[in-house]
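Here the structure is laid out as structure tokens; the discussion comes afterwards.
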Amino acid sequence: MKNIRTAAVIGSGVMGSGIAAHLANAGVTCLLLDLVPAALTSAEEAAGLTLADPAVRSRLARQAIAGLAKAKPAPLYSDAFTERIVPGNVEDDWHKLSGADWIIEAIVESLPVKRELLARIEQVRAPDAVVSSNTSGVSITAMAEGRSAEFAAAFLGTHFFNPPRYMKLLEIIPGPQTSPELVRDMAAFAAERLGKGVVVARDTPNFIANRIGTFGLLATLREMEASGCSIEEIDAVTGPALGRPKSATFRTLDLVGLDTMVRVADNVYSQTKDPAERAVFAPSPLLARLVERGWLGEKSGQGFYRKTQTRDGTVIEALDSATLTYAPARKVTSPSLEAARQAKGAAARLRALLADRDRYAELAWRLLKPLLLYAAATLEEIADSIVEVDRAMRWGFNWELGPFELWDAIGLRRTVERMESEGDTVPQWVKSWLDGGRESLYERRDGALYAAVEGRQQRLEEDPELISLAALKEQGRVIRSNGGASLIDLGDDVACLEFHSPNNAIGADILAMVQASVDEVRRSYRGLVLANEGRHFCVGANLMLLLMEAQDGEWEEVDAIIRLFQTATTALKGLEKPVVAAPHGMTLGGGVEMCLPADQLVCSAETYLGLVEAGVGLIPAGGGCKELALRASLRLPEPDSDLQPLINAAFETIGMAKVSTSAFDAARLGLLQPHDAVVLRHERRFGAAKQAVLRLEQAAGLATVGAGLPAAAGRWPDAAQTGPRTRAAQPGDAADADSAGGTGGTPRGEATGAGSGTKAASASSTSLPQGALVRVVGAPGKAVLQLGANTLLHGGYISAHDHKIAGKLAHVLAGGDAPAGTLVSEQYLLDLEREAFLSLCGEPLTQQRMLHMLTKGKPLRN
Ligand code: NAI
């Protein structure tokens, strides 16, 4: 892998600033350069600045960096990462390029301007620096013309998709002289460090994704005009029913920008000689008319759709392409569309749609057929194999199935037969494939995936570093399983607990499997990973059951559910072997509570963590409040340091149901700790978590300096019962040692109030540790929290019910009415959580919130 520590991005526009942000996300220090402005802004003039002022000369890059913190969706994992981006201009800071390992040009899309820039870069770059262009369509070969052989060997296309943080695709385009080793090394760097899905593309007009994607959009536009279908009808067919995003065709065009679309189409039109291809990419009169009116899509407020505000709220209107007038968008449905909606998975949806012969099933086929034929016909020109094309469409256009996966989903032979019966010419290579006795372009055999590559089946190289739970399951590596979760052998005696219930919501089956997994790992494995391959790690507890019990007033049942949850998280925490949680995507409520007891988190960078229970009128009761209170207590440098600010922060995190915008951002909310890890390559989280388990196990075997010291107060109060726990030294450990002198190893808590929940322990098949003692702010601290909530209530920022929830939360986080500084047991706090949760379940407004979430999928403010 290329070791890139510093990079320079030239051009601080939409793409340049986004690329610089993502490099900063990956820990690369980045210089961002743009032109020197020709005139002062009125603000600069008013401030008495001149054109010679450095702040003015680097204004474009500076403004671009300042804009990153405000941009939505956030280009940076954490606002703090802006410090990794250094602004400058292409005159005063040019010499700094000599310090860059990688120089990326992201300037205006013009061959002569790009060529001129590259000639200047050649003069200054370090001998081993990589130089790349982010062009979306200019030829890499043409750009390198006139440059030295050394330069051309170090030059390639690196085509990021917008927005660079979120779009997985990176097309790497080698020129004829680009070093093959460089292509390999940059591909590895982009995958491992930037988390990109890399596809190597040939240097042809618009490369892979934009070539196929724009063909699909333009062919659809033409079909709409020819058939007289409405925009809404086309979008009803070309969205999820075809395995594409909800933005379907026309909303996608609006997002891309209709002027950009015209330019991208023209890039192919002007370079191809094939009459059929020219007919599709030729200037569209409809697009031209819209661009002429300035109706460019999202960026100009209207395009194929527009939003208007009425007394009843926002109305989405769709364009009538004949009259260029707007009318409220109509909902389109039919038996075929309904069948597709009900089918599970993209391939099944597509088959359900095409199985019918109604108007929309026919339309779907008329839209798909040219795309499938075009992909097959251009394959050899644009890519090495079908795999690159399918990946490019999945990662660059968010399709669920690429064009060749679509051939397979419909059925290769059936597709060819239907095309031929309709008089179409199917590319010879597809027919030869069928004649060779194969029924699909992809085939999964013996746990490996094979694809059609140059007329033969080629096994797709699977990265040995990557672990696929689906593949392990196919290989029979399931240790035990129920309807909601499975325990899978990851190899090296590490097990993985995988959730697979609908939305990965936590119900009784998952909780039972947590307990069973703990027992199994305790007996036979070296450690446990919590990870899954769902769209999201976990959206929280299954509210349906809880709401039903609450509505029926079955309080004993509700109490039992909470106890089961607490027993599960306590069991995870009590396991003497390393536990590593590897969340990704939405990780909410109970999902976070499953992660908090782990020894370490290895998160995908795109993880959105939040204890969001307040949104449904509750507070975390699976140990979430307790864990944040414990973390606050462990972070105290001295026993008599001020705990209140740390508890206030936890109160805000939970009370306001805050959700992190990335894994890094979760540290700000106190949900990630300094020893937790983040992987940018999403697929690596399983392997990284497994390695973390093995490392933790090894670290546990090492004697640390602290091991010879007397037991610290507040740790392992009942070592005889629990035995030593294997875990690496953690930041909180130091705080324990510090507190040793102050309180002298008191066993268990001097908790006031509730008993220490032996029920939870006895519900488990093994003895559970009572864990650490937690120093609490007690009654005076609770008053402080309540005062904050009162202020928000009186200011009209929160509702009376929010205030009630905040009161319960304050009670739990403060450790009830204990005196300030009391040490309480974890179980004591769990009991407070449970009592608060139970009482909130009985509130009609909480039940309304739960019902709203279940039916509408979003929180209700009442
Ligand atoms: P943009 O217009 O937002 O930004 C271009 C920036 O380059 C401007 O800030 C401009 O001042 C600066 N610039 C122009 N000439 C310069 C020069 N000679 N030296 C230094 N800076 C100069 O353009 P955008 O959209 O960021 O596109 C940049 C490149 O990325 C283009 O090649 C484009 O085709 C490509 N691209 C664009 C995508 C998009 O969605 N906008 C997606 C993928 C690639």
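So you can find residues: chains in the structure tokens are A, B, ... in the order shown, residues in each start at 1, and ligands are numbered from 1 in order.
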(request) Write out as JSON, numbers by chain which residues come within 7 Å of stretch 208-225 of chain A when counting only C-alpha atoms, dropping same-chain ones fewer than 3 positions away. (result) {"A": [201, 228, 229, 230, 249, 265, 280, 281, 367, 371, 375, 382, 389, 392, 393, 396]}
Counting only C-alpha atoms, what are the residues of stretch 155-267 of chain A within 10 Å of stretch 602-622 of chain A, and for each of them which pair of atoms is the nearest and at what distance in Å, to one decimal? Sort the table by chain and rising number, as a Markdown table.
| residue | atom | partner | partner_atom | distance |
| --- | --- | --- | --- | --- |
| A:Arg165 | CA | A:Glu606 | CA | 9.5 |
| A:Tyr166 | CA | A:Glu606 | CA | 8.6 |
| A:Gly195 | CA | A:Ala605 | CA | 8.8 |
(request) Let me have all residues with an atom within 8 Å of ligand 1, counting only C-alpha atoms and all ligand atoms, laid out as a PyMOL selection string. (result) chain A and resi 10-17+33-35+60-61+89-90+105-110+113-114+116-117+133-138+159-163+256
Go ahead and write the selection's residues with N, CA, C and O atoms as a compact mmCIF listing (two decimals), in the first residue's frame.
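Result written to selection33.txt:
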# COMPACT_ATOMS: atom_id res chain seq x y z
N ILE A 10 -5.67 20.63 -5.40
CA ILE A 10 -5.71 21.91 -6.10
C ILE A 10 -7.11 22.09 -6.68
O ILE A 10 -7.59 21.25 -7.43
N GLY A 11 -7.73 23.21 -6.30
CA GLY A 11 -9.13 23.44 -6.64
C GLY A 11 -9.95 23.16 -5.39
O GLY A 11 -10.02 22.01 -4.94
N SER A 12 -10.54 24.23 -4.82
CA SER A 12 -11.25 24.04 -3.54
C SER A 12 -12.76 24.13 -3.73
O SER A 12 -13.47 24.57 -2.84
N GLY A 13 -13.24 23.74 -4.92
CA GLY A 13 -14.67 23.77 -5.19
C GLY A 13 -15.39 22.60 -4.53
O GLY A 13 -14.91 22.03 -3.54
N VAL A 14 -16.51 22.23 -5.13
CA VAL A 14 -17.34 21.16 -4.57
C VAL A 14 -16.51 19.90 -4.30
O VAL A 14 -16.52 19.35 -3.20
N MET A 15 -15.77 19.46 -5.32
CA MET A 15 -15.06 18.20 -5.18
C MET A 15 -13.76 18.34 -4.40
O MET A 15 -13.45 17.53 -3.53
N GLY A 16 -12.98 19.39 -4.72
CA GLY A 16 -11.69 19.56 -4.05
C GLY A 16 -11.84 19.66 -2.54
O GLY A 16 -11.11 18.99 -1.79
N SER A 17 -12.82 20.46 -2.09
CA SER A 17 -12.97 20.61 -0.64
C SER A 17 -13.47 19.30 -0.02
O SER A 17 -13.04 18.92 1.07
N LEU A 33 -5.35 24.25 -2.20
CA LEU A 33 -4.99 25.46 -2.93
C LEU A 33 -6.06 25.85 -3.94
O LEU A 33 -6.70 24.98 -4.54
N ASP A 34 -6.20 27.15 -4.16
CA ASP A 34 -7.09 27.62 -5.23
C ASP A 34 -6.47 28.89 -5.82
O ASP A 34 -5.38 29.32 -5.41
N LEU A 35 -7.18 29.48 -6.76
CA LEU A 35 -6.67 30.67 -7.43
C LEU A 35 -6.61 31.87 -6.47
O LEU A 35 -7.32 31.88 -5.45
N LEU A 60 -10.28 31.80 -1.27
CA LEU A 60 -11.14 30.73 -1.80
C LEU A 60 -10.98 29.43 -1.01
O LEU A 60 -11.96 28.80 -0.63
N ALA A 61 -9.73 29.09 -0.74
CA ALA A 61 -9.51 27.84 0.03
C ALA A 61 -9.98 28.01 1.47
O ALA A 61 -10.58 27.10 2.06
N ASN A 89 -2.84 29.33 -1.71
CA ASN A 89 -3.18 29.65 -3.10
C ASN A 89 -2.08 29.16 -4.04
O ASN A 89 -0.96 28.86 -3.58
N VAL A 90 -2.40 29.08 -5.31
CA VAL A 90 -1.49 28.43 -6.26
C VAL A 90 -0.29 29.30 -6.65
O VAL A 90 0.52 28.88 -7.46
N GLU A 105 -5.49 17.06 -8.63
CA GLU A 105 -6.10 18.25 -9.23
C GLU A 105 -7.61 18.06 -9.30
O GLU A 105 -8.09 16.99 -9.70
N ALA A 106 -8.33 19.11 -8.86
CA ALA A 106 -9.80 19.08 -8.90
C ALA A 106 -10.26 20.46 -9.36
O ALA A 106 -11.08 21.10 -8.72
N ILE A 107 -9.65 20.92 -10.47
CA ILE A 107 -9.99 22.26 -10.97
C ILE A 107 -11.02 22.13 -12.08
O ILE A 107 -11.57 21.05 -12.33
N VAL A 108 -11.25 23.23 -12.77
CA VAL A 108 -12.27 23.29 -13.81
C VAL A 108 -12.05 22.18 -14.86
O VAL A 108 -10.91 21.80 -15.15
N GLU A 109 -13.17 21.67 -15.38
CA GLU A 109 -13.11 20.52 -16.31
C GLU A 109 -12.73 21.02 -17.71
O GLU A 109 -13.59 21.19 -18.60
N SER A 110 -11.45 21.29 -17.92
CA SER A 110 -10.99 21.79 -19.22
C SER A 110 -9.61 21.21 -19.50
O SER A 110 -8.69 21.36 -18.68
N VAL A 113 -6.60 23.80 -19.55
CA VAL A 113 -6.28 24.34 -18.21
C VAL A 113 -5.64 23.25 -17.35
O VAL A 113 -4.68 23.49 -16.61
N LYS A 114 -6.17 22.05 -17.43
CA LYS A 114 -5.61 20.95 -16.63
C LYS A 114 -4.18 20.65 -17.09
O LYS A 114 -3.28 20.41 -16.28
N GLU A 116 -2.02 22.66 -18.44
CA GLU A 116 -1.12 23.72 -17.99
C GLU A 116 -0.76 23.52 -16.52
O GLU A 116 0.39 23.67 -16.12
N LEU A 117 -1.76 23.15 -15.75
CA LEU A 117 -1.52 22.92 -14.32
C LEU A 117 -0.54 21.76 -14.11
O LEU A 117 0.37 21.84 -13.29
N SER A 133 -5.74 13.15 -11.24
CA SER A 133 -6.79 14.09 -11.64
C SER A 133 -8.13 13.53 -11.22
O SER A 133 -8.38 12.33 -11.33
N ASN A 134 -9.02 14.45 -10.77
CA ASN A 134 -10.36 14.02 -10.39
C ASN A 134 -11.35 14.20 -11.55
O ASN A 134 -12.56 14.17 -11.36
N THR A 135 -10.82 14.36 -12.74
CA THR A 135 -11.70 14.62 -13.87
C THR A 135 -12.82 13.59 -13.97
O THR A 135 -12.63 12.42 -13.67
N SER A 136 -14.01 14.06 -14.41
CA SER A 136 -15.08 13.07 -14.61
C SER A 136 -15.18 12.65 -16.06
O SER A 136 -15.96 11.76 -16.37
N GLY A 137 -14.37 13.26 -16.93
CA GLY A 137 -14.50 12.85 -18.32
C GLY A 137 -13.34 13.15 -19.24
O GLY A 137 -13.25 12.57 -20.32
N VAL A 138 -12.41 14.02 -18.82
CA VAL A 138 -11.28 14.35 -19.70
C VAL A 138 -10.33 13.15 -19.76
O VAL A 138 -10.10 12.48 -18.75
N HIS A 159 -11.05 9.24 -9.67
CA HIS A 159 -12.36 9.88 -9.83
C HIS A 159 -13.25 9.58 -8.63
O HIS A 159 -13.82 8.50 -8.52
N PHE A 160 -13.32 10.58 -7.73
CA PHE A 160 -14.21 10.46 -6.56
C PHE A 160 -15.63 10.82 -6.99
O PHE A 160 -15.83 11.60 -7.91
N PHE A 161 -16.60 10.30 -6.27
CA PHE A 161 -18.00 10.65 -6.53
C PHE A 161 -18.48 11.59 -5.43
O PHE A 161 -17.95 11.56 -4.32
N ASN A 162 -19.45 12.39 -5.75
CA ASN A 162 -19.90 13.43 -4.84
C ASN A 162 -21.07 12.94 -3.98
O ASN A 162 -22.04 12.42 -4.54
N PRO A 163 -21.03 13.11 -2.67
CA PRO A 163 -19.95 13.67 -1.84
C PRO A 163 -18.89 12.62 -1.49
O PRO A 163 -19.26 11.47 -1.16
N VAL A 256 -28.28 15.76 -9.64
CA VAL A 256 -27.04 15.89 -10.41
C VAL A 256 -26.93 17.31 -10.95
O VAL A 256 -25.85 17.91 -11.00
Would you tabulate, counting only C-alpha atoms, all residues of stretch 191-275 of chain A that have an atom at most 8 Å from an atom of stretch 282-287 of chain A, showing the closest pair of atoms and their distance in Å to one decimal, sorted by chain then ascending number, as CSV?
residue,atom,partner,partner_atom,distance
A:Leu258,CA,A:Leu287,CA,6.7
A:Val262,CA,A:Pro283,CA,7.0
A:Ala265,CA,A:Ala282,CA,7.3
A:Asp266,CA,A:Pro283,CA,7.0
A:Tyr269,CA,A:Ala282,CA,5.9
(request) For atom CA of A:His803 and atom CA of A:Cys625, quote the distance in Å rounded to one decimal. (result) 17.1 Å
(message) Measuring between only C-alpha atoms, which one of A:Asp492, A:Glu454, A:Glu192, A:Asp599 shows the shortest distance to A:Gly574?
(response) A:Asp599
(request) Tell me, as a PyMOL selection string, which residues lie within 10 Å of A:Val387, counting only C-alpha atoms; anything in the same chain fewer than 2 positions away does not count. (result) chain A and resi 199+383-385+389-392+402-405+441-442+450-453+460
Take the residues from that selection and write them out as a tab-separated table (two decimals), in the first residue's frame, keeping all heavy atoms.
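This went into out.tsv:
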chain	number	residue	atom	x	y	z
A	199	VAL	N	-12.62	0.72	-8.23
A	199	VAL	CA	-12.84	0.03	-9.51
A	199	VAL	C	-11.82	0.60	-10.49
A	199	VAL	O	-11.69	1.82	-10.60
A	199	VAL	CB	-14.29	0.32	-10.00
A	199	VAL	CG1	-14.41	0.05	-11.48
A	199	VAL	CG2	-15.28	-0.53	-9.21
A	383	ALA	N	-14.20	-1.70	-19.41
A	383	ALA	CA	-13.73	-2.37	-18.18
A	383	ALA	C	-13.09	-3.71	-18.49
A	383	ALA	O	-13.28	-4.27	-19.57
A	383	ALA	CB	-14.92	-2.58	-17.24
A	384	ASP	N	-12.37	-4.22	-17.48
A	384	ASP	CA	-11.76	-5.54	-17.65
A	384	ASP	C	-12.77	-6.66	-17.54
A	384	ASP	O	-12.59	-7.72	-18.11
A	384	ASP	CB	-10.67	-5.75	-16.58
A	384	ASP	CG	-9.44	-4.92	-16.89
A	384	ASP	OD1	-9.36	-4.39	-18.02
A	384	ASP	OD2	-8.56	-4.79	-16.00
A	385	SER	N	-13.83	-6.44	-16.74
A	385	SER	CA	-14.80	-7.52	-16.57
A	385	SER	C	-16.14	-6.97	-16.09
A	385	SER	O	-16.25	-5.80	-15.71
A	385	SER	CB	-14.28	-8.55	-15.55
A	385	SER	OG	-14.48	-8.06	-14.24
A	389	VAL	N	-18.02	-3.24	-13.68
A	389	VAL	CA	-19.21	-2.48	-14.09
A	389	VAL	C	-20.29	-2.58	-12.99
A	389	VAL	O	-20.88	-1.58	-12.59
A	389	VAL	CB	-19.75	-3.00	-15.43
A	389	VAL	CG1	-21.01	-2.23	-15.83
A	389	VAL	CG2	-18.69	-2.88	-16.51
A	390	ASP	N	-20.51	-3.78	-12.51
A	390	ASP	CA	-21.54	-3.94	-11.48
A	390	ASP	C	-21.19	-3.18	-10.20
A	390	ASP	O	-22.02	-2.52	-9.60
A	390	ASP	CB	-21.76	-5.43	-11.17
A	390	ASP	CG	-22.56	-6.10	-12.28
A	390	ASP	OD1	-23.28	-5.39	-13.01
A	390	ASP	OD2	-22.47	-7.33	-12.43
A	391	ARG	N	-19.91	-3.30	-9.81
A	391	ARG	CA	-19.49	-2.59	-8.59
A	391	ARG	C	-19.62	-1.08	-8.79
A	391	ARG	O	-20.04	-0.36	-7.89
A	391	ARG	CB	-18.04	-2.93	-8.25
A	391	ARG	CG	-17.91	-4.31	-7.69
A	391	ARG	CD	-16.47	-4.61	-7.34
A	391	ARG	NE	-16.36	-5.91	-6.71
A	391	ARG	CZ	-15.23	-6.60	-6.61
A	391	ARG	NH1	-14.11	-6.10	-7.13
A	391	ARG	NH2	-15.22	-7.76	-6.02
A	392	ALA	N	-19.20	-0.59	-9.95
A	392	ALA	CA	-19.26	0.86	-10.20
A	392	ALA	C	-20.69	1.36	-10.07
A	392	ALA	O	-20.94	2.42	-9.49
A	392	ALA	CB	-18.70	1.18	-11.58
A	402	GLY	N	-25.98	-4.26	-10.19
A	402	GLY	CA	-25.40	-3.70	-11.40
A	402	GLY	C	-26.04	-4.35	-12.62
A	402	GLY	O	-26.81	-5.31	-12.49
A	403	PRO	N	-25.72	-3.86	-13.84
A	403	PRO	CA	-26.41	-4.36	-15.03
A	403	PRO	C	-26.26	-5.87	-15.26
A	403	PRO	O	-27.21	-6.52	-15.68
A	403	PRO	CB	-25.78	-3.57	-16.17
A	403	PRO	CG	-24.65	-2.82	-15.60
A	403	PRO	CD	-24.82	-2.76	-14.13
A	404	PHE	N	-25.09	-6.42	-14.95
A	404	PHE	CA	-24.92	-7.86	-15.22
A	404	PHE	C	-25.58	-8.69	-14.12
A	404	PHE	O	-26.04	-9.80	-14.36
A	404	PHE	CB	-23.44	-8.19	-15.40
A	404	PHE	CG	-22.88	-7.45	-16.58
A	404	PHE	CD1	-22.09	-6.32	-16.41
A	404	PHE	CD2	-23.22	-7.82	-17.87
A	404	PHE	CE1	-21.62	-5.60	-17.50
A	404	PHE	CE2	-22.76	-7.09	-18.97
A	404	PHE	CZ	-21.96	-5.98	-18.79
A	405	GLU	N	-25.65	-8.11	-12.93
A	405	GLU	CA	-26.42	-8.77	-11.86
A	405	GLU	C	-27.91	-8.73	-12.22
A	405	GLU	O	-28.66	-9.64	-11.86
A	405	GLU	CB	-26.14	-8.08	-10.53
A	405	GLU	CG	-24.72	-8.35	-10.02
A	405	GLU	CD	-24.22	-7.36	-8.99
A	405	GLU	OE1	-24.71	-6.22	-8.94
A	405	GLU	OE2	-23.29	-7.73	-8.25
A	441	LEU	N	-24.26	-15.33	-15.27
A	441	LEU	CA	-22.95	-14.69	-15.44
A	441	LEU	C	-22.12	-14.80	-14.17
A	441	LEU	O	-20.90	-14.80	-14.21
A	441	LEU	CB	-23.13	-13.22	-15.83
A	441	LEU	CG	-23.83	-13.00	-17.17
A	441	LEU	CD1	-24.18	-11.53	-17.38
A	441	LEU	CD2	-22.95	-13.49	-18.32
A	442	TYR	N	-22.82	-14.88	-13.05
A	442	TYR	CA	-22.14	-15.11	-11.76
A	442	TYR	C	-22.57	-16.48	-11.25
A	442	TYR	O	-23.69	-16.91	-11.47
A	442	TYR	CB	-22.55	-14.08	-10.71
A	442	TYR	CG	-22.02	-12.68	-10.95
A	442	TYR	CD1	-22.77	-11.75	-11.65
A	442	TYR	CD2	-20.79	-12.30	-10.45
A	442	TYR	CE1	-22.29	-10.46	-11.86
A	442	TYR	CE2	-20.31	-11.00	-10.65
A	442	TYR	CZ	-21.06	-10.09	-11.35
A	442	TYR	OH	-20.59	-8.82	-11.55
A	450	TYR	N	-17.76	-16.90	-8.68
A	450	TYR	CA	-17.14	-16.92	-10.00
A	450	TYR	C	-17.92	-15.97	-10.90
A	450	TYR	O	-19.13	-15.84	-10.79
A	450	TYR	CB	-17.18	-18.33	-10.60
A	450	TYR	CG	-16.32	-19.32	-9.84
A	450	TYR	CD1	-16.78	-19.89	-8.66
A	450	TYR	CD2	-15.06	-19.66	-10.31
A	450	TYR	CE1	-15.99	-20.77	-7.94
A	450	TYR	CE2	-14.26	-20.55	-9.60
A	450	TYR	CZ	-14.74	-21.10	-8.41
A	450	TYR	OH	-13.95	-21.98	-7.72
A	451	ALA	N	-17.19	-15.30	-11.81
A	451	ALA	CA	-17.86	-14.39	-12.74
A	451	ALA	C	-17.38	-14.67	-14.15
A	451	ALA	O	-16.29	-15.23	-14.35
A	451	ALA	CB	-17.56	-12.95	-12.37
A	452	ALA	N	-18.21	-14.25	-15.13
A	452	ALA	CA	-17.84	-14.39	-16.53
A	452	ALA	C	-16.78	-13.34	-16.85
A	452	ALA	O	-17.04	-12.14	-16.77
A	452	ALA	CB	-19.06	-14.15	-17.40
A	453	VAL	N	-15.57	-13.78	-17.14
A	453	VAL	CA	-14.50	-12.86	-17.51
A	453	VAL	C	-13.86	-13.38	-18.79
A	453	VAL	O	-13.33	-14.50	-18.80
A	453	VAL	CB	-13.45	-12.74	-16.38
A	453	VAL	CG1	-12.32	-11.80	-16.81
A	453	VAL	CG2	-14.08	-12.25	-15.10
A	460	LEU	N	-13.50	-14.88	-8.23
A	460	LEU	CA	-13.22	-13.52	-7.79
A	460	LEU	C	-12.34	-13.58	-6.55
A	460	LEU	O	-12.64	-14.31	-5.60
A	460	LEU	CB	-14.52	-12.78	-7.47
A	460	LEU	CG	-15.46	-12.57	-8.65
A	460	LEU	CD1	-16.62	-11.68	-8.24
A	460	LEU	CD2	-14.73	-11.95	-9.83
(request) Could you tell me how far atom CA of A:Ala144 lies from atom CA of A:Arg120, in Å and to one decimal? (result) 12.4 Å
(message) I'd like the neighbourhood of stretch 773-785 of chain A as a count of residues only, where a residue qualifies if any of its atoms comes within 10 Å (using only C-alpha atoms), though same-chain residues fewer than 6 positions away should be ignored.
(response) 55
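Using only C-alpha atoms, the smallest distance between any of A:Ala71, A:Ser179, A:Ala21, A:His852 and A:Leu547 comes from A:His852.
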